[in-house]
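What follows is the content of target09.cif (mmCIF, C-alpha atoms).
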```
data_work
#
loop_
_atom_site.label_atom_id
_atom_site.label_comp_id
_atom_site.auth_asym_id
_atom_site.auth_seq_id
_atom_site.Cartn_x
_atom_site.Cartn_y
_atom_site.Cartn_z
CA MET P 1 218.96 73.28 56.63
CA THR P 2 215.74 72.87 58.60
CA ASP P 3 215.14 70.15 61.17
CA GLN P 4 212.59 68.59 58.83
CA SER P 5 215.02 68.43 55.88
CA ARG P 6 217.65 66.75 58.07
CA ASP P 7 215.20 63.89 58.62
CA LEU P 8 214.93 63.24 54.88
CA GLY P 9 218.53 62.15 54.21
CA ASP P 10 219.93 63.16 50.87
CA ALA P 11 218.11 63.19 47.53
CA ARG P 12 218.98 59.53 46.96
CA GLY P 13 217.69 58.47 50.38
CA GLU P 14 221.17 57.63 51.65
CA TRP P 15 222.31 57.85 55.26
CA TYR P 16 225.78 57.56 56.79
CA TYR P 17 227.16 56.98 60.27
CA CYS P 18 229.81 59.62 61.03
CA PHE P 19 232.67 58.47 63.25
CA VAL P 20 233.75 62.07 63.96
CA HIS P 21 230.37 63.26 65.26
CA LYS P 22 229.19 59.78 66.35
CA LYS P 23 225.79 60.22 64.73
CA VAL P 24 223.79 59.55 61.59
CA GLU P 25 224.15 62.18 58.87
CA ALA P 26 223.19 62.89 55.26
CA LEU P 27 225.65 62.70 52.36
CA ASP P 28 227.29 66.12 52.49
CA GLU P 29 227.68 66.57 56.22
CA CYS P 30 231.13 64.92 56.59
CA ASP P 31 234.14 63.69 54.67
CA GLN P 32 233.79 60.29 53.02
CA MET P 33 236.71 58.84 55.00
CA ASP P 34 235.00 59.62 58.33
CA ARG P 35 231.82 57.65 57.80
CA MET P 36 230.20 54.26 57.19
CA GLY P 37 227.54 53.85 54.54
CA PRO P 38 225.49 54.52 52.57
CA TYR P 39 222.45 52.95 54.18
CA PRO P 40 218.90 53.25 52.82
CA THR P 41 217.36 54.40 56.11
CA ARG P 42 218.35 56.34 59.19
CA GLU P 43 217.69 53.22 61.29
CA ASP P 44 220.05 51.12 59.18
CA ALA P 45 222.78 53.73 59.61
CA GLU P 46 222.17 53.83 63.38
CA ASN P 47 222.60 50.05 63.50
CA TRP P 48 225.76 49.88 61.37
CA ARG P 49 227.61 47.79 63.99
CA GLU P 50 225.14 44.91 63.75
CA ARG P 51 225.28 44.97 59.94
CA VAL P 52 229.09 44.94 59.91
CA ALA P 53 229.25 42.13 62.48
CA ALA P 54 226.81 40.01 60.45
CA ARG P 55 228.76 40.65 57.24
CA ASN P 56 232.07 39.77 58.88
CA GLU P 57 230.60 36.57 60.34
CA ALA P 58 229.31 35.57 56.90
CA TRP P 59 232.75 36.20 55.40
CA ASP P 60 234.39 34.09 58.15
CA ASP P 61 231.92 31.27 57.41
CA GLU P 62 232.84 31.42 53.72
CA ASP P 63 236.53 31.06 54.60
CA GLU P 64 235.99 27.79 56.45
#
```
Is it possible to give me this structure as structure tokens?
Amino acid sequence: MTDQSRDLGDARGEWYYCFVHKKVEALDECDQMDRMGPYPTREDAENWRERVAARNEAWDDEDE
């Protein structure tokens, strides 16, 4: 895989954050259980923590 193709994500435009390698990767770079995603952009995958925190806060608000 070339450096340029790594920047494209997979054919569906999906990106994942890998907990093993602690970086953003395309679909077939790691096992499904070791990652968070899919995200539509590399930037979204890089910022997975903020997205999860916002989702969890919304769920907590619904429980009240």
Residues matched by the PyMOL selection byres ((chain P and resi 43) around 12) as number ranges by chain: P: 7, 9, 14-17, 23-25, 37-42, 44-51
Determine the axis-aligned bounding box of all atoms of region 49-64 of chain P present in the file, pad each side by 6 Å, and express its centre and edge lengths in Å to one decimal place as lines of an AutoDock Vina configuration file.
```
center_x = 230.8
center_y = 37.8
center_z = 58.9
size_x = 23.4
size_y = 32.0
size_z = 22.3
```
Between CA of Glu29 (chain P) and CA of Arg55 (chain P), what is the spacing in Å?
->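 Computed distance, CA of Arg55 (chain P) to CA of Glu29 (chain P), equals 26.0 Å.
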re CA of Met36 (chain P) and CA of Glu62 (chain P): distance 23.3 Å
Please determine, counting only C-alpha atoms, which residue among P:Asn56, P:Ala26, P:Asp63, P:Asp34 has the shortest atom-to-atom distance to Gly13 (chain P).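 Under the stated criterion, the closest residue is P:Ala26.
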Coordinates-based distance that separates CA of Val52 (chain P) from CA of Arg35 (chain P) (Å, one decimal)
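Those two atoms sit 13.2 Å apart.
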Residues proximal to (232.6, 62.0, 61.0) were defined as those with any atom within 7 Å of that point in the file's coordinates, counting only C-alpha atoms. Which are they, as a list in words?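 Nearby residues: Cys18, Phe19, Val20, His21, Lys22, Cys30, Asp31, Asp34 and Arg35 of chain P.
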